[in-house]
>>> print(open('input.txt').read())   # compact mmCIF, C-alpha atoms
# COMPACT_ATOMS: atom_id res chain seq x y z
CA MET A 1 -113.62 70.54 117.00
CA SER A 2 -113.98 66.88 117.95
CA GLU A 3 -117.05 64.95 116.91
CA VAL A 4 -118.91 62.48 119.10
CA ASN A 5 -121.77 60.06 118.49
CA CYS A 6 -123.86 60.94 121.54
CA ILE A 7 -124.21 63.68 124.13
CA CYS A 8 -122.56 61.78 126.96
CA GLU A 9 -119.49 60.95 124.91
CA LYS A 10 -118.56 64.59 125.62
CA MET A 11 -117.60 63.39 129.11
CA ASP A 12 -114.66 61.57 127.52
CA TYR A 13 -113.24 64.93 126.37
CA VAL A 14 -113.91 67.21 129.34
CA PRO A 15 -110.65 68.37 131.00
CA ILE A 16 -110.05 67.07 134.50
CA SER A 17 -111.04 69.56 137.19
CA LYS A 18 -111.57 69.73 140.94
CA LEU A 19 -115.13 68.61 140.32
CA HIS A 20 -113.87 65.19 139.21
CA TYR A 21 -111.92 64.88 142.44
CA LYS A 22 -114.95 65.97 144.45
CA ILE A 23 -117.03 63.25 142.80
CA LEU A 24 -114.24 60.76 143.49
CA TRP A 25 -114.25 61.55 147.20
CA LEU A 26 -118.02 61.72 147.55
CA ILE A 27 -118.28 58.24 146.07
CA GLY A 28 -115.11 57.04 147.76
CA LEU A 29 -116.14 57.97 151.29
CA GLY A 30 -119.18 55.75 150.99
CA ILE A 31 -117.51 52.80 149.33
CA PHE A 32 -114.68 53.11 151.88
CA LEU A 33 -117.13 51.35 154.17
CA ASP A 34 -116.99 48.26 151.96
CA GLY A 35 -113.34 47.51 152.66
CA PHE A 36 -113.78 48.49 156.30
CA ASP A 37 -116.67 46.09 156.67
CA VAL A 38 -114.76 43.16 155.16
CA TYR A 39 -112.22 43.29 157.96
CA LEU A 40 -114.77 44.23 160.62
CA ALA A 41 -116.33 40.80 160.20
CA GLY A 42 -113.02 38.97 160.66
CA GLY A 43 -111.92 40.93 163.71
CA VAL A 44 -115.28 40.78 165.46
CA LEU A 45 -115.90 37.09 164.74
CA GLY A 46 -112.52 36.10 166.12
CA VAL A 47 -113.30 37.84 169.41
CA LEU A 48 -116.86 36.49 169.65
CA LEU A 49 -115.56 32.96 169.13
CA LYS A 50 -112.78 33.36 171.70
CA SER A 51 -115.16 34.78 174.32
CA LYS A 52 -117.71 32.00 173.62
CA TRP A 53 -120.37 34.64 172.80
CA SER A 54 -120.55 32.81 169.47
CA THR A 55 -119.62 29.44 167.98
CA MET A 56 -117.90 28.35 164.77
CA SER A 57 -121.31 27.45 163.33
CA LEU A 58 -122.86 30.82 164.28
CA ASN A 59 -119.85 32.64 162.85
CA ALA A 60 -120.37 30.80 159.57
CA THR A 61 -124.06 31.81 159.67
CA PHE A 62 -123.03 35.44 160.29
CA ILE A 63 -120.87 35.41 157.14
CA SER A 64 -123.51 33.57 155.09
CA VAL A 65 -126.26 36.00 156.12
CA THR A 66 -123.93 38.81 155.07
CA PHE A 67 -123.80 37.26 151.59
CA ILE A 68 -127.57 36.87 151.47
CA GLY A 69 -127.94 40.58 152.25
CA LEU A 70 -125.26 41.47 149.69
CA LEU A 71 -127.06 39.35 147.10
CA ILE A 72 -130.41 41.09 147.74
CA GLY A 73 -128.77 44.52 147.76
CA SER A 74 -126.86 43.84 144.53
CA LEU A 75 -129.99 42.76 142.65
CA ALA A 76 -132.22 45.50 144.07
CA THR A 77 -129.82 48.33 143.31
CA GLY A 78 -129.46 47.10 139.73
CA PHE A 79 -133.15 47.73 139.11
CA LEU A 80 -133.36 50.88 141.24
CA GLY A 81 -130.18 52.40 139.82
CA ASP A 82 -131.14 51.82 136.18
CA SER A 83 -134.78 52.87 136.73
CA LEU A 84 -134.69 55.69 139.30
CA GLY A 85 -131.11 56.90 139.02
CA ARG A 86 -127.65 56.18 140.37
CA LYS A 87 -127.83 58.91 143.01
CA PHE A 88 -131.16 57.73 144.45
CA SER A 89 -129.89 54.18 144.81
CA TYR A 90 -126.56 55.29 146.24
CA GLN A 91 -128.14 57.38 149.00
CA LEU A 92 -130.79 54.84 149.96
CA ASN A 93 -128.35 51.97 150.43
CA LEU A 94 -126.04 54.02 152.64
CA LEU A 95 -128.94 54.99 154.91
CA ILE A 96 -129.91 51.32 155.28
CA PHE A 97 -126.35 50.26 156.01
CA GLY A 98 -125.66 53.01 158.56
CA GLY A 99 -128.87 52.53 160.48
CA ALA A 100 -128.45 48.76 160.72
CA SER A 101 -124.84 49.17 161.91
CA LEU A 102 -125.90 51.36 164.83
CA VAL A 103 -128.63 48.91 165.84
CA ALA A 104 -126.12 46.02 165.62
CA ALA A 105 -123.94 47.67 168.25
CA PHE A 106 -126.69 47.02 170.83
CA SER A 107 -127.25 43.35 169.95
CA PRO A 108 -128.28 41.30 173.03
CA ASN A 109 -127.18 38.01 171.46
CA MET A 110 -125.58 36.49 168.35
CA ILE A 111 -128.90 35.75 166.64
CA PHE A 112 -129.91 39.42 166.81
CA LEU A 113 -126.47 40.46 165.53
CA ILE A 114 -126.80 38.04 162.61
CA ALA A 115 -130.19 39.56 161.71
CA CYS A 116 -128.71 43.08 161.78
CA ARG A 117 -125.85 41.85 159.64
CA GLY A 118 -128.28 40.71 156.96
CA VAL A 119 -129.79 44.21 156.74
CA MET A 120 -126.30 45.75 156.69
CA GLY A 121 -125.46 43.44 153.80
CA ILE A 122 -128.39 44.76 151.75
CA GLY A 123 -127.10 48.33 152.02
CA LEU A 124 -123.50 47.31 151.50
CA GLY A 125 -124.28 45.21 148.42
CA ALA A 126 -125.96 48.16 146.76
CA GLU A 127 -123.07 50.47 147.64
CA ILE A 128 -120.52 48.28 145.90
CA VAL A 129 -122.53 47.93 142.68
CA THR A 130 -123.42 51.61 142.32
CA GLY A 131 -120.16 53.24 143.39
CA TYR A 132 -117.71 51.84 140.84
CA ALA A 133 -120.16 52.04 137.94
CA LEU A 134 -121.09 55.63 138.80
CA LEU A 135 -117.53 56.98 138.84
CA GLY A 136 -116.82 55.25 135.53
CA GLU A 137 -119.68 57.23 133.97
CA PHE A 138 -118.14 60.57 135.00
CA VAL A 139 -114.50 60.18 133.94
CA PRO A 140 -112.73 60.10 130.51
CA ALA A 141 -112.33 56.78 128.70
CA LYS A 142 -108.53 56.95 128.32
CA THR A 143 -107.97 57.24 132.06
CA ARG A 144 -111.11 55.53 133.34
CA GLY A 145 -109.12 52.59 134.67
CA LYS A 146 -106.82 54.91 136.62
CA TRP A 147 -109.72 56.86 138.14
CA VAL A 148 -111.69 53.80 139.20
CA SER A 149 -108.44 52.35 140.57
CA MET A 150 -108.07 55.47 142.72
CA LEU A 151 -111.57 54.80 144.03
CA SER A 152 -110.54 51.23 144.77
CA LEU A 153 -107.45 52.57 146.55
CA ILE A 154 -109.64 54.74 148.80
CA THR A 155 -111.79 51.71 149.46
CA ASN A 156 -108.88 49.45 150.30
CA VAL A 157 -107.12 51.90 152.56
CA SER A 158 -110.06 51.12 154.81
CA THR A 159 -108.93 47.51 155.18
CA PRO A 160 -105.70 48.18 157.12
CA ALA A 161 -107.48 51.13 158.78
CA ALA A 162 -110.17 48.76 160.05
CA ALA A 163 -107.55 46.22 161.09
CA PHE A 164 -105.64 48.90 163.01
CA LEU A 165 -108.79 50.25 164.66
CA GLY A 166 -109.79 46.71 165.54
CA TYR A 167 -106.37 46.18 167.09
CA LEU A 168 -106.80 49.36 169.18
CA ILE A 169 -110.52 49.20 169.96
CA ILE A 170 -111.62 45.58 170.29
CA PRO A 171 -109.22 44.41 173.05
CA ARG A 172 -109.78 47.62 175.07
CA PHE A 173 -113.39 48.70 174.49
CA GLY A 174 -115.09 45.69 172.92
CA TRP A 175 -116.39 44.75 169.48
CA ARG A 176 -119.59 46.86 169.69
CA TRP A 177 -117.69 50.10 169.12
CA MET A 178 -116.62 48.90 165.67
CA PHE A 179 -120.29 48.92 164.60
CA VAL A 180 -120.84 52.32 166.23
CA PHE A 181 -117.96 53.79 164.20
CA VAL A 182 -119.30 52.37 160.92
CA GLY A 183 -122.86 53.56 161.60
CA ILE A 184 -121.94 57.15 162.49
CA PHE A 185 -119.44 57.45 159.64
CA SER A 186 -121.95 56.22 157.04
CA LEU A 187 -124.62 58.71 158.14
CA ILE A 188 -122.11 61.58 157.91
CA VAL A 189 -121.22 60.53 154.37
CA TRP A 190 -124.93 60.34 153.48
CA ILE A 191 -125.29 64.02 154.40
CA LEU A 192 -122.18 65.05 152.43
CA ARG A 193 -123.44 63.32 149.25
CA LYS A 194 -126.83 65.00 149.08
CA ASP A 195 -125.59 67.55 146.50
CA MET A 196 -123.78 65.07 144.25
CA PRO A 197 -124.93 65.32 140.58
CA GLU A 198 -126.71 62.49 138.79
CA SER A 199 -124.91 60.60 136.03
CA PRO A 200 -125.39 62.34 132.65
CA ARG A 201 -125.11 58.95 130.93
CA TRP A 202 -128.09 57.71 132.92
CA TYR A 203 -130.05 60.86 132.03
CA GLU A 204 -129.42 60.32 128.32
CA SER A 205 -130.28 56.62 128.52
CA LYS A 206 -133.69 57.71 129.85
CA GLY A 207 -134.21 60.30 127.10
CA MET A 208 -133.60 63.26 129.45
CA GLU A 209 -131.09 64.93 127.15
CA GLU A 210 -131.49 68.43 128.62
CA ASN A 211 -130.63 67.11 132.07
CA ALA A 212 -127.60 65.32 130.63
CA GLU A 213 -126.44 68.49 128.88
CA HIS A 214 -126.88 70.47 132.11
CA VAL A 215 -124.63 68.14 134.10
CA ILE A 216 -122.02 68.01 131.32
CA ASN A 217 -122.00 71.82 131.11
CA ILE A 218 -121.28 71.99 134.84
CA PHE A 219 -118.10 69.96 134.28
CA TYR A 220 -117.00 72.07 131.29
CA LYS A 221 -117.67 75.33 133.12
CA GLU A 222 -115.66 74.15 136.11
CA ALA A 223 -112.76 73.26 133.80
CA GLU A 224 -112.97 76.71 132.15
CA ILE A 225 -112.93 78.50 135.51
CA GLU A 226 -109.87 76.59 136.65
CA SER A 227 -107.95 76.98 133.37
CA GLY A 228 -109.06 80.55 132.65
CA ASN A 229 -109.69 79.59 129.02
CA SER A 230 -112.76 78.88 126.95
CA ILE A 231 -113.19 75.18 126.14
CA ASN A 232 -115.07 74.01 123.06
CA GLN A 233 -117.28 71.01 123.61
CA PRO A 234 -117.29 68.22 120.98
CA TYR A 235 -120.01 68.39 118.35
CA VAL A 236 -122.66 65.68 118.43
CA ILE A 237 -123.08 64.30 114.91
CA LYS A 238 -125.56 61.49 115.53
CA LYS A 239 -127.09 59.26 118.14
CA ALA A 240 -125.05 56.25 119.17
CA HIS A 241 -126.19 52.93 117.77
CA SER A 242 -124.66 49.69 118.89
CA GLU A 243 -124.38 46.68 116.62
CA TYR A 244 -127.44 45.31 118.33
CA LYS A 245 -130.32 46.94 120.13
CA ASN A 246 -131.32 46.16 123.67
CA SER A 247 -134.54 47.14 125.35
CA GLY A 248 -133.01 47.95 128.70
CA ASN A 249 -134.72 44.95 130.28
CA PHE A 250 -133.15 42.43 132.62
CA SER A 251 -133.55 39.74 129.93
CA ASP A 252 -131.03 41.58 127.74
CA LEU A 253 -128.26 40.20 129.94
CA PHE A 254 -128.94 36.76 128.49
CA ASN A 255 -129.37 37.46 124.78
CA LYS A 256 -126.84 36.07 122.33
CA ASN A 257 -124.80 39.29 122.26
CA MET A 258 -124.50 39.72 126.03
CA ILE A 259 -124.53 36.22 127.50
CA SER A 260 -120.77 35.68 127.26
CA ARG A 261 -120.13 38.99 129.05
CA THR A 262 -122.62 38.08 131.75
CA ILE A 263 -120.87 34.74 132.26
CA VAL A 264 -117.45 36.38 132.49
CA GLY A 265 -118.72 39.00 134.94
CA CYS A 266 -120.26 36.31 137.14
CA VAL A 267 -117.22 34.03 137.31
CA VAL A 268 -114.86 36.96 137.96
CA LEU A 269 -116.91 38.02 140.97
CA ILE A 270 -117.41 34.46 142.22
CA ALA A 271 -113.62 34.09 142.36
CA ILE A 272 -112.93 37.52 143.89
CA ASN A 273 -115.63 37.25 146.55
CA THR A 274 -114.54 33.76 147.50
CA LEU A 275 -110.92 34.90 147.82
CA ILE A 276 -111.68 37.97 149.91
CA TYR A 277 -114.27 36.51 152.23
CA THR A 278 -112.29 33.32 152.78
CA PHE A 279 -108.82 34.77 153.27
CA VAL A 280 -109.62 38.11 154.90
CA SER A 281 -112.66 37.20 156.99
CA TRP A 282 -111.12 34.00 158.34
CA ALA A 283 -107.54 35.30 158.77
CA PRO A 284 -107.81 36.00 162.53
CA THR A 285 -109.37 32.55 163.01
CA PHE A 286 -106.50 30.92 161.07
CA PHE A 287 -104.02 32.54 163.47
CA LEU A 288 -106.06 31.55 166.53
CA ARG A 289 -105.94 27.91 165.36
CA LYS A 290 -102.13 28.15 165.44
CA GLY A 291 -102.32 29.00 169.13
CA ILE A 292 -101.76 32.76 168.81
CA ASN A 293 -103.67 34.98 171.27
CA ILE A 294 -106.35 37.39 170.04
CA SER A 295 -104.23 40.54 170.41
CA LYS A 296 -101.34 39.13 168.37
CA SER A 297 -103.78 37.62 165.89
CA LEU A 298 -105.32 41.04 165.19
CA GLY A 299 -101.85 42.59 165.00
CA TYR A 300 -100.56 40.03 162.47
CA THR A 301 -103.69 40.46 160.36
CA THR A 302 -103.15 44.25 160.41
CA ILE A 303 -99.65 43.76 158.98
CA MET A 304 -100.97 41.62 156.12
CA MET A 305 -103.82 44.03 155.37
CA ILE A 306 -101.34 46.80 154.55
CA GLY A 307 -101.10 44.97 151.23
CA ALA A 308 -104.69 45.96 150.37
CA PRO A 309 -104.09 49.63 149.40
CA LEU A 310 -100.77 48.64 147.81
CA GLY A 311 -102.62 46.19 145.59
CA ALA A 312 -105.10 48.87 144.52
CA LEU A 313 -102.21 51.27 143.84
CA LEU A 314 -100.38 48.73 141.67
CA GLY A 315 -103.63 48.06 139.85
CA SER A 316 -103.93 51.75 138.95
CA PHE A 317 -100.51 51.68 137.27
CA ILE A 318 -101.12 48.64 135.10
CA VAL A 319 -104.83 48.74 134.23
CA ASP A 320 -104.75 51.37 131.43
CA LYS A 321 -101.39 50.18 130.13
CA PHE A 322 -101.73 46.40 130.03
CA GLY A 323 -105.50 46.11 130.01
CA ARG A 324 -108.05 44.20 132.04
CA LYS A 325 -108.54 40.74 130.56
CA TRP A 326 -105.04 39.25 130.69
CA CYS A 327 -104.01 40.97 133.91
CA ILE A 328 -107.01 39.44 135.68
CA THR A 329 -106.24 36.01 134.19
CA ILE A 330 -102.58 36.08 135.25
CA PHE A 331 -103.25 37.32 138.78
CA MET A 332 -105.98 34.71 139.29
CA LEU A 333 -103.38 31.99 138.67
CA ALA A 334 -100.79 33.75 140.84
CA ALA A 335 -103.26 33.96 143.75
CA GLY A 336 -103.92 30.22 143.53
CA VAL A 337 -100.22 29.32 143.69
CA LEU A 338 -99.36 31.78 146.47
CA GLY A 339 -102.42 30.80 148.52
CA TYR A 340 -101.27 27.19 148.68
CA ALA A 341 -97.73 28.27 149.58
CA TYR A 342 -99.10 30.53 152.34
CA ALA A 343 -101.14 27.73 153.93
CA SER A 344 -98.17 25.33 153.83
CA GLN A 345 -95.90 27.45 156.05
CA ASN A 346 -95.27 27.13 159.78
CA THR A 347 -92.67 29.87 160.35
CA MET A 348 -94.42 33.06 161.38
CA TRP A 349 -92.32 35.58 159.43
CA VAL A 350 -92.76 33.48 156.26
CA ILE A 351 -96.52 33.27 156.86
CA LEU A 352 -96.73 37.04 157.31
CA THR A 353 -94.63 37.72 154.19
CA MET A 354 -96.63 35.39 151.98
CA GLY A 355 -99.90 36.61 153.51
CA PHE A 356 -98.89 40.18 152.70
CA PHE A 357 -98.15 39.42 149.04
CA LEU A 358 -101.30 37.33 148.74
CA THR A 359 -103.26 40.32 150.06
CA VAL A 360 -101.60 42.52 147.41
CA ILE A 361 -102.65 40.14 144.62
CA ILE A 362 -106.19 39.76 145.96
CA TYR A 363 -106.71 43.51 145.97
CA ILE A 364 -105.18 43.93 142.51
CA LEU A 365 -107.87 41.49 141.38
CA LEU A 366 -110.52 43.39 143.33
CA THR A 367 -109.50 46.63 141.61
CA LEU A 368 -109.23 45.24 138.08
CA GLY A 369 -112.19 42.88 138.26
CA LEU A 370 -114.91 44.13 140.58
CA ALA A 371 -114.18 47.87 140.42
CA ILE A 372 -113.26 48.34 136.76
CA TYR A 373 -113.89 45.41 134.42
CA VAL A 374 -117.35 44.11 135.32
CA PRO A 375 -119.21 47.49 135.15
CA GLU A 376 -117.53 48.18 131.79
CA LEU A 377 -118.98 45.04 130.22
CA PHE A 378 -122.55 46.38 130.01
CA PRO A 379 -124.24 49.30 128.18
CA THR A 380 -125.55 52.25 130.21
CA ASN A 381 -129.23 51.33 130.29
CA ILE A 382 -128.48 47.91 131.85
CA ARG A 383 -125.08 48.65 133.46
CA LEU A 384 -126.30 48.46 137.04
CA ARG A 385 -128.58 45.51 136.27
CA GLY A 386 -125.62 43.67 134.73
CA SER A 387 -123.16 44.63 137.43
CA GLY A 388 -125.76 43.96 140.12
CA PHE A 389 -126.61 40.52 138.73
CA CYS A 390 -122.94 39.52 138.50
CA ASN A 391 -122.36 40.74 142.04
CA ALA A 392 -125.42 38.82 143.20
CA ILE A 393 -124.18 35.59 141.62
CA GLY A 394 -120.79 36.19 143.23
CA ARG A 395 -122.54 36.53 146.58
CA LEU A 396 -124.84 33.55 145.96
CA ALA A 397 -121.92 31.28 145.23
CA THR A 398 -120.23 32.30 148.47
CA ILE A 399 -123.25 32.06 150.78
CA PHE A 400 -122.28 28.45 151.39
CA THR A 401 -118.51 29.04 151.41
CA PRO A 402 -118.30 29.86 155.16
CA TYR A 403 -119.89 26.50 156.00
CA GLY A 404 -117.43 24.77 153.68
CA VAL A 405 -114.49 26.57 155.29
CA ALA A 406 -115.78 25.80 158.79
CA TRP A 407 -116.21 22.11 157.87
CA ILE A 408 -112.72 21.89 156.37
CA LEU A 409 -111.14 23.60 159.39
CA LYS A 410 -112.99 21.24 161.71
CA ASN A 411 -111.96 18.07 159.87
CA TYR A 412 -108.72 18.97 158.07
CA ASP A 413 -106.39 21.95 158.05
CA THR A 414 -105.97 25.36 156.41
CA LYS A 415 -104.01 23.90 153.47
CA VAL A 416 -107.11 22.09 152.15
CA VAL A 417 -109.02 25.40 152.10
CA PHE A 418 -106.43 26.91 149.75
CA ILE A 419 -106.23 23.83 147.54
CA ALA A 420 -109.97 24.23 146.86
CA LEU A 421 -109.47 27.95 146.19
CA GLY A 422 -106.64 27.20 143.75
CA ILE A 423 -108.80 24.84 141.70
CA LEU A 424 -111.55 27.47 141.51
CA LEU A 425 -109.11 30.18 140.37
CA ILE A 426 -107.67 28.00 137.58
CA ILE A 427 -111.16 27.31 136.19
CA VAL A 428 -112.10 31.01 136.31
CA ALA A 429 -108.84 32.06 134.64
CA LEU A 430 -109.56 29.70 131.72
CA ILE A 431 -113.09 31.12 131.30
CA ILE A 432 -111.81 34.72 131.25
CA ALA A 433 -109.08 33.86 128.74
CA THR A 434 -111.64 32.19 126.46
CA LEU A 435 -114.72 34.44 126.68
CA GLY A 436 -113.41 37.75 128.03
CA VAL A 437 -113.23 40.98 125.98
CA GLU A 438 -110.71 43.80 126.39
CA THR A 439 -112.15 47.18 127.44
CA LYS A 440 -108.93 49.17 127.89
CA GLN A 441 -109.23 52.89 126.98
CA LYS A 442 -112.48 52.39 125.07
CA SER A 443 -115.48 54.70 125.46
CA LEU A 444 -118.32 53.12 127.42
CA ASP A 445 -120.51 53.65 124.36
CA GLU A 446 -117.96 51.95 122.11
CA ILE A 447 -117.70 48.93 124.41
>>> encode(input="input.txt", output="structure tokens")
Amino acid sequence: MSEVNCICEKMDYVPISKLHYKILWLIGLGIFLDGFDVYLAGGVLGVLLKSKWSTMSLNATFISVTFIGLLIGSLATGFLGDSLGRKFSYQLNLLIFGGASLVAAFSPNMIFLIACRGVMGIGLGAEIVTGYALLGEFVPAKTRGKWVSMLSLITNVSTPAAAFLGYLIIPRFGWRWMFVFVGIFSLIVWILRKDMPESPRWYESKGMEENAEHVINIFYKEAEIESGNSINQPYVIKKAHSEYKNSGNFSDLFNKNMISRTIVGCVVLIAINTLIYTFVSWAPTFFLRKGINISKSLGYTTIMMIGAPLGALLGSFIVDKFGRKWCITIFMLAAGVLGYAYASQNTMWVILTMGFFLTVIIYILLTLGLAIYVPELFPTNIRLRGSGFCNAIGRLATIFTPYGVAWILKNYDTKVVFIALGILLIIVALIIATLGVETKQKSLDEI
């Protein structure tokens, strides 16, 4: 019989069952909205600008307010998720997001839409932080990267799906129906997730060991039913003790043992958020500036966004084999080089090809960095606080990015945008290479 250091380490030995896949889809359906929402902004803003319902400045405010909401949601869910439970936080944020989306569909003007977008951002920011961390607490250590990558794949399938729906819906029925779809879909998911179990790791971190055992037993019993055989659970020999003790307070993120991890988590998410919300959100606008009409602009963006799920899929193949740290470093540098090459082209088929591969790299980084690596850096009792803080800093740094992009596009050209991005990515890659730790196939308790 295997021996483990704490109750929840048993989750690293439980055989995979249908219950794991159910958890994956319950979490995935909600976080699917994240990828969908990233493109929703780009498609809608392009149309609002073209129809003169909005201006370049108001579009930049729309994106910035989104980041402010994401920042608030990321921080709030860190405290709520670590204090009141992952499930409570996960359900609350989806309700906020869905309700605000439905209200946004009836916006009488751009200012009202921007206000709704801020509330949507609060719910969406919480969804991102909780979802990836929660799945990582349910699945075995040796394949945790693969499982969280599958969640990222579900998320990123939504990007081309949103682009395709935008291509079909926006020119024919108008932009408002995109918000209606998101609102109704999120409320349906909220109902489906009501019976999802709480994380046993969170239960144990709060001293509720019987609750943790109960959830773990559910997973083992499900595996026994499916296999038809009795499965022996590992024997707990002692309580887990890390090399240092933390109190579970927010200040633990900045003590001498955790500060380097907090820095790495922050810079990773600054780079990833800047990449996604610059390239993806502004892609239709980039095409419009080249004189392409709105229908073709949305169609070309749809083609490039097919690279999003492919990037997540490639990430799932490499993350448990080659690890997190050096893959993230290498792909950061690759994104910087390819981004500059993409912005330097004038031939449409070359632009589309490079845009496609740049999308693939961006979503490999999203999978490895945001989905997998950052939540792994922190112990259970401050995992959501740590992940939430890093996400918040990533959002904070990009609140002003839309204004910078708008200013550059007004005074220069697209190439200058990607030169600035390349410099940022080189700096972040150096920080990860210097301060980053490898978490590949390690138990969350061991990390």
>>> residues_around(input="input.txt", residues="Ser89 (chain A)", least_positions_apart="6", cutoff="8 Å", atoms="only C-alpha atoms", output="list in words")
Thr77, Leu80, Gly81, Ala126 and Thr130 of chain A
>>> closest_residue(input="input.txt", among="A:Val416, A:Leu430, A:Leu58, A:Val148", to="Ile111 (chain A)", atoms="all atoms listed in the file")
A:Leu58
>>> residues_around(input="input.txt", residues="Ile330 (chain A)", least_positions_apart="3", cutoff="12 Å", atoms="only C-alpha atoms", output="ChimeraX atom specification")
/A:322-327,333-337,361-362,364-365,368,425-426,428-430,432-433
>>> closest_atom_pairs(input="input.txt", of="region 73-115 of chain A", to="region 378-400 of chain A", cutoff="8 Å", atoms="all atoms listed in the file", output="tab-separated table")
residue	atom	partner	partner_atom	distance
A:Ser74	CA	A:Gly388	CA	4.5
A:Leu75	CA	A:Gly388	CA	5.1
A:Ala76	CA	A:Gly388	CA	7.7
A:Thr77	CA	A:Gly388	CA	6.8
A:Gly78	CA	A:Arg385	CA	3.9
A:Phe79	CA	A:Arg385	CA	5.8
A:Gly81	CA	A:Leu384	CA	6.2
A:Asp82	CA	A:Leu384	CA	6.0
>>> closest_atom_pairs(input="input.txt", of="region 317-390 of chain A", to="region 305-309 of chain A", cutoff="8 Å", atoms="all atoms listed in the file", output="CSV")
residue,atom,partner,partner_atom,distance
A:Phe356,CA,A:Gly307,CA,5.5
A:Phe357,CA,A:Gly307,CA,6.7
A:Thr359,CA,A:Gly307,CA,5.3
A:Val360,CA,A:Gly307,CA,4.6
A:Ile362,CA,A:Ala308,CA,7.8
A:Tyr363,CA,A:Ala308,CA,5.4
>>> closest_residue(input="input.txt", among="A:Pro402, A:Gly369, A:Pro375, A:Gly85", to="Pro197 (chain A)", atoms="only C-alpha atoms")
A:Gly85
>>> atom_distance(input="input.txt", atom1="CA of Ile372 (chain A)", atom2="CA of Gly28 (chain A)")
14.1 Å
>>> closest_residue(input="input.txt", among="A:Lys22, A:Lys52, A:Arg201, A:Arg117", to="Arg86 (chain A)", atoms="only C-alpha atoms")
A:Arg201
>>> residues_around(input="input.txt", residues="Val65 (chain A)", least_positions_apart="5", cutoff="9 Å", atoms="all atoms listed in the file", output="list in words")
Ala60, Leu70, Ile114, Ala115, Arg117, Gly118, Val119, Gly121 and Ile399 of chain A
>>> closest_residue(input="input.txt", among="A:Val129, A:Cys6, A:Ala343, A:Val215", to="Tyr235 (chain A)", atoms="only C-alpha atoms")
A:Cys6
>>> closest_residue(input="input.txt", among="A:Val437, A:Ile328, A:Pro15, A:Leu444", to="Asn229 (chain A)", atoms="all atoms listed in the file")
A:Pro15
>>> closest_residue(input="input.txt", among="A:Glu198, A:Ile16, A:Ser83, A:Leu24", to="Ser152 (chain A)", atoms="all atoms listed in the file")
A:Leu24
>>> atom_distance(input="input.txt", atom1="CA of Gly99 (chain A)", atom2="CA of Ile188 (chain A)")
11.6 Å
>>> residues_around(input="input.txt", residues="Phe317 (chain A)", least_positions_apart="6", cutoff="10 Å", atoms="all atoms listed in the file", output="tab-separated table (two decimals) with C-alpha atoms, keeping the file's coordinate frame")
chain	number	residue	atom	x	y	z
A	145	GLY	CA	-109.12	52.59	134.67
A	146	LYS	CA	-106.82	54.91	136.62
A	149	SER	CA	-108.44	52.35	140.57
>>> residues_around(input="input.txt", residues="Tyr342 (chain A)", least_positions_apart="6", cutoff="7 Å", atoms="only C-alpha atoms", output="list in words")
Ile351, Met354 and Gly355 of chain A
>>> atom_distance(input="input.txt", atom1="CA of Met120 (chain A)", atom2="CA of Leu92 (chain A)")
12.2 Å
>>> build_atoms(input="input.txt", residues="region 98-108 of chain A", atoms="N, CA and C atoms", output="short mmCIF file (atom, residue, chain, number, x, y, z; two decimals), in the frame of the given file")
data_model
loop_
_atom_site.label_atom_id
_atom_site.label_comp_id
_atom_site.auth_asym_id
_atom_site.auth_seq_id
_atom_site.Cartn_x
_atom_site.Cartn_y
_atom_site.Cartn_z
N GLY A 98 -126.03 52.28 157.36
CA GLY A 98 -125.66 53.01 158.56
C GLY A 98 -126.60 52.76 159.72
N GLY A 99 -127.89 52.76 159.43
CA GLY A 99 -128.87 52.53 160.48
C GLY A 99 -128.75 51.15 161.09
N ALA A 100 -128.58 50.13 160.23
CA ALA A 100 -128.45 48.76 160.72
C ALA A 100 -127.17 48.57 161.53
N SER A 101 -126.10 49.27 161.17
CA SER A 101 -124.84 49.17 161.91
C SER A 101 -124.99 49.68 163.34
N LEU A 102 -125.69 50.80 163.49
CA LEU A 102 -125.90 51.36 164.83
C LEU A 102 -126.75 50.43 165.69
N VAL A 103 -127.78 49.85 165.09
CA VAL A 103 -128.63 48.91 165.84
C VAL A 103 -127.81 47.67 166.24
N ALA A 104 -126.92 47.21 165.35
CA ALA A 104 -126.12 46.02 165.62
C ALA A 104 -125.24 46.19 166.85
N ALA A 105 -124.82 47.41 167.10
CA ALA A 105 -123.94 47.67 168.25
C ALA A 105 -124.62 47.34 169.58
N PHE A 106 -125.95 47.28 169.59
CA PHE A 106 -126.69 47.02 170.83
C PHE A 106 -127.28 45.61 170.87
N SER A 107 -126.73 44.72 170.04
CA SER A 107 -127.25 43.35 169.95
C SER A 107 -127.17 42.63 171.30
N PRO A 108 -128.29 42.02 171.75
CA PRO A 108 -128.28 41.30 173.03
C PRO A 108 -127.72 39.88 172.90
#
